[in-house]
Structures are given as structure tokens and as C-alpha cells.
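One structure is given below, encoded as C-alpha cells.
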Amino acid sequence: MADVTFLADGGMDFAVRCVLSGAPYATAEPGEVLAVLADVVDGDPSSWRDTWVARGRALAGAAASDAAAGRRRSACGGALRAANYLFAGNYYAPACTDAAGTRSVWAEHRAAWDLAVSCWPTPARGVVVETPAGPLPGYWFSGSAPADEPRPVVVLVGGIETPMSDAPMTGLTDALARGYRVLLLDGPGQGAALYEERLALAPRWDGVWPAALDWLAAHPQVDADRVGLMGIN
């Protein structure tokens, strides 16, 4: 099998592969990715950012229109891809923009993700888990099981640089397909906990997990004897 190189810049080539990893999980579409790459100046961080952000914004706008028209499936797919592409635009943000610009694009990415969650095919909603480290934002996916049936749960936590919008390809979609309910959580130093709550990375999370487990144990849809934790490196 021949090696495929998308861009000569090694970092950017790796980033493209990260984006494309989401294709089986509806967070990327290969044709869209190739169209973006046709306009990226190889090795130019400003070109990278502007091109990915433009594509993400276009998709986010279309997804919002779909949602307003009741086309929930199209809205969810478009918003998932928008979130992925907007986050990709920030890969090189420190090299080409100020911190405020980085936060602004991150907020657009998160808004696209929130739109996808609001149109999810099974019940899903944003939640806040109170912990000794502070309030941690997250999302609760009930899945397709009956609402009154306690089910096993996967608590899914991404890596430090992993956006919430990566969750479909890092365990969320597969867990839901197998009948689990899922709690996604931004820990200290991650995602909204960092950008919105200003909670910096904590060297120990020993106060976080008991609080998350207490939250789950009190939830009527949870089988508290079957809770698994999955961390993404």
C-alpha cells in the first residue's frame, strides 16, 4: 500500500489525519476535507486556520438553518462536522492569532457541538457536575433504552487537548450502540472547564471522580453497580 501524504508540513499532515479519523463517526466528510486542503497553503498557519474556520462556519450556519426547519438529522451531522473543523482551525492558532481569537473560535466550535447534541437522535442534554474542584460541564446521553430502565454507564473523559466534539469517535457512538448510557465530562484544564469556568489543570482528580459517581448514583436511569470510566490519552 502506497503512503499518502496530504501536506508536506508534518504537523499539518498529522492534523489532517486526526480530522479524517472522525469520518466513520459522522464528524468529518472526506470530500469536504480534501476541498479544504485545496485552499490551505502548505506550512502556513494563518492559511490553515482561516480555511478550516471558514468551512466550519459555513457548515454551522447550514446546520442552524436545518435545525430551524426541523431537519434534525441533517442539522446534527452538519453541526458535528462544523465543530470538528472549527477545532481543527485552532491547531495553529497560537502561531497566527491572539488568545482572544483562539477563545472565540473555540466558543464557535462548542456552540456547534451543542447544536449537534440538541439534535441528537436519542435523548441528550448538557449537565453540570458539582465537584470540589468546581462545577464541571458535561453532557448526559440517555441512549435508546427505556427512560425508566437503569442501564450501565460509561463515563468518557478526553485527553487534555481532546475536544468534546471528538467524543463520537472515542467511545460515545459505540457505547450508545451497545446499550450504555454515557456521561461526558470536561475535567479541570479541559474544554469548557478551562475556557468558561477558568478551572486550570489539577495535578490530582481524586475529588472529581467521587463527585461524578455520586451524581450518577443519584440518577434514576443508572445502574450504579455497572459504571465504567474511560479516559482518552
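The way I read the labels, and the way they are meant: chains A, B, ... in the order of the C-alpha cells, residue 1 as the first residue of every chain, and ligand 1 as the first ligand shown, with later ones counted on from there.
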**OP:** Write out as an NGL selection string each polymer residue whose atoms come within 12 Å of A:Glu149, counting only C-alpha atoms; drop sequence neighbours fewer than 3 positions from it.
**Re:** :A and (142-146 or 152 or 179-181 or 219-223)
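In this comparison, which uses only C-alpha atoms, the residue of A:Leu194, A:Leu229, A:Ala26, A:Ala217 approaching A:Ser165 most closely is A:Ala26.
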Subject >> 8 Å contact set for A:Ser118, only C-alpha atoms, chain neighbours under 5 positions out, as number ranges by chain >> reply: A: 76, 124-125
**OP:** For A:Asp166, work out the shell of residues within 10 Å, counting only C-alpha atoms and skipping chain neighbours fewer than 2 positions away, then give it as a ChimeraX atom specification.
**Re:** /A:18-19,21-22,25,27,80,83-84,87,113,158,162-164,168-172
Original post:
If you measure from atom CA of A:Arg57 to atom CA of A:Ala193, what distance in Å do you get, rounded to one decimal?
Top reply: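 Interatomic distance here is 23.4 Å.
Taking only C-alpha atoms into account, A:Glu130 lies nearest to A:Leu185 out of the set A:Leu7, A:Ala69, A:Val153, A:Leu185.
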For A:Val105, work out the shell of residues within 9 Å, counting only C-alpha atoms and skipping chain neighbours fewer than 3 positions away, then give it as a short mmCIF file (atom, residue, chain, number, x, y, z; two decimals) with N, CA and C atoms, in the first residue's frame.
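part27.cif written:
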data_model
loop_
_atom_site.label_atom_id
_atom_site.label_comp_id
_atom_site.auth_asym_id
_atom_site.auth_seq_id
_atom_site.Cartn_x
_atom_site.Cartn_y
_atom_site.Cartn_z
N VAL A 53 -11.59 27.33 9.53
CA VAL A 53 -12.63 28.09 10.23
C VAL A 53 -13.74 28.51 9.27
N LEU A 86 -13.92 23.52 13.02
CA LEU A 86 -13.58 24.74 13.77
C LEU A 86 -12.47 24.46 14.77
N PHE A 87 -12.55 23.32 15.45
CA PHE A 87 -11.49 22.99 16.39
C PHE A 87 -10.17 22.78 15.66
N GLY A 89 -9.20 24.29 13.09
CA GLY A 89 -8.65 25.61 12.76
C GLY A 89 -7.79 26.19 13.85
N ASN A 90 -8.03 25.77 15.09
CA ASN A 90 -7.27 26.30 16.23
C ASN A 90 -5.98 25.54 16.49
N ALA A 100 -7.46 35.88 22.53
CA ALA A 100 -8.89 36.16 22.43
C ALA A 100 -9.47 35.53 21.17
N GLY A 101 -8.72 35.59 20.06
CA GLY A 101 -9.19 34.97 18.83
C GLY A 101 -9.30 33.47 18.97
N THR A 102 -8.35 32.89 19.68
CA THR A 102 -8.40 31.45 19.92
C THR A 102 -9.64 31.08 20.71
N GLU A 108 -17.12 29.07 19.14
CA GLU A 108 -17.92 28.69 17.97
C GLU A 108 -17.96 27.17 17.82
N HIS A 109 -16.80 26.55 18.04
CA HIS A 109 -16.74 25.08 17.99
C HIS A 109 -17.70 24.46 19.01
N ARG A 110 -17.69 24.99 20.22
CA ARG A 110 -18.54 24.43 21.28
C ARG A 110 -20.02 24.68 20.98
#
**OP:** Could you tell me, as a ChimeraX atom specification, which residues of stretch 1-219 of chain A DSSP assigns to helix (DSSP H, G or I) when given the backbone?
**Re:** /A:10-20,23-25,30-37,45-68,72-96,99-118,164-169,172-177,191-195,208-217
Original post:
If you count only C-alpha atoms, which residues fall within 7 Å of A:Ala60, apart from same-chain ones fewer than 6 positions away, as an MDAnalysis selection string?
Top reply: chainID A and resid 78:79 82 112
**OP:** Would you please give, as a list in words, all residues of stretch 89-218 of chain A that DSSP assigns to strand (DSSP E or B) based on the backbone?
**Re:** Ala124, Arg125, Gly126, Val127, Val128, Val129, Glu130, Thr131, Gly134, Pro135, Leu136, Pro137, Gly138, Tyr139, Trp140, Phe141, Arg151, Pro152, Val153, Val154, Val155, Leu156, Val157, Arg181, Val182, Leu183, Leu184 and Leu185 of chain A
**OP:** Find the spatial neighbours of A:Ala218, counting only C-alpha atoms, within a cut-off of 12 Å - ignore same-chain residues fewer than 6 positions away - and output them as a list of chain:residue names.
**Re:** A:Val129, A:Pro150, A:Ala211, A:Ala212, A:Ala224
Restrict the selected residues to N, CA, C and O atoms and save them as a short mmCIF file (atom, residue, chain, number, x, y, z; two decimals), in the first residue's frame.
data_model
loop_
_atom_site.label_atom_id
_atom_site.label_comp_id
_atom_site.auth_asym_id
_atom_site.auth_seq_id
_atom_site.Cartn_x
_atom_site.Cartn_y
_atom_site.Cartn_z
N VAL A 129 -21.74 18.93 36.81
CA VAL A 129 -21.45 18.08 37.96
C VAL A 129 -20.66 18.92 38.97
O VAL A 129 -19.57 19.42 38.65
N PRO A 150 -32.88 1.31 34.54
CA PRO A 150 -31.48 1.55 34.92
C PRO A 150 -30.54 0.79 33.97
O PRO A 150 -30.73 -0.39 33.73
N ALA A 211 -17.31 12.75 43.07
CA ALA A 211 -18.45 13.62 42.79
C ALA A 211 -19.22 13.14 41.56
O ALA A 211 -20.46 13.15 41.54
N ALA A 212 -18.49 12.70 40.53
CA ALA A 212 -19.15 12.20 39.32
C ALA A 212 -19.92 10.92 39.63
O ALA A 212 -21.05 10.72 39.16
N ALA A 224 -26.04 1.70 39.19
CA ALA A 224 -24.85 2.17 39.89
C ALA A 224 -23.81 1.08 40.09
O ALA A 224 -22.65 1.39 40.43
#
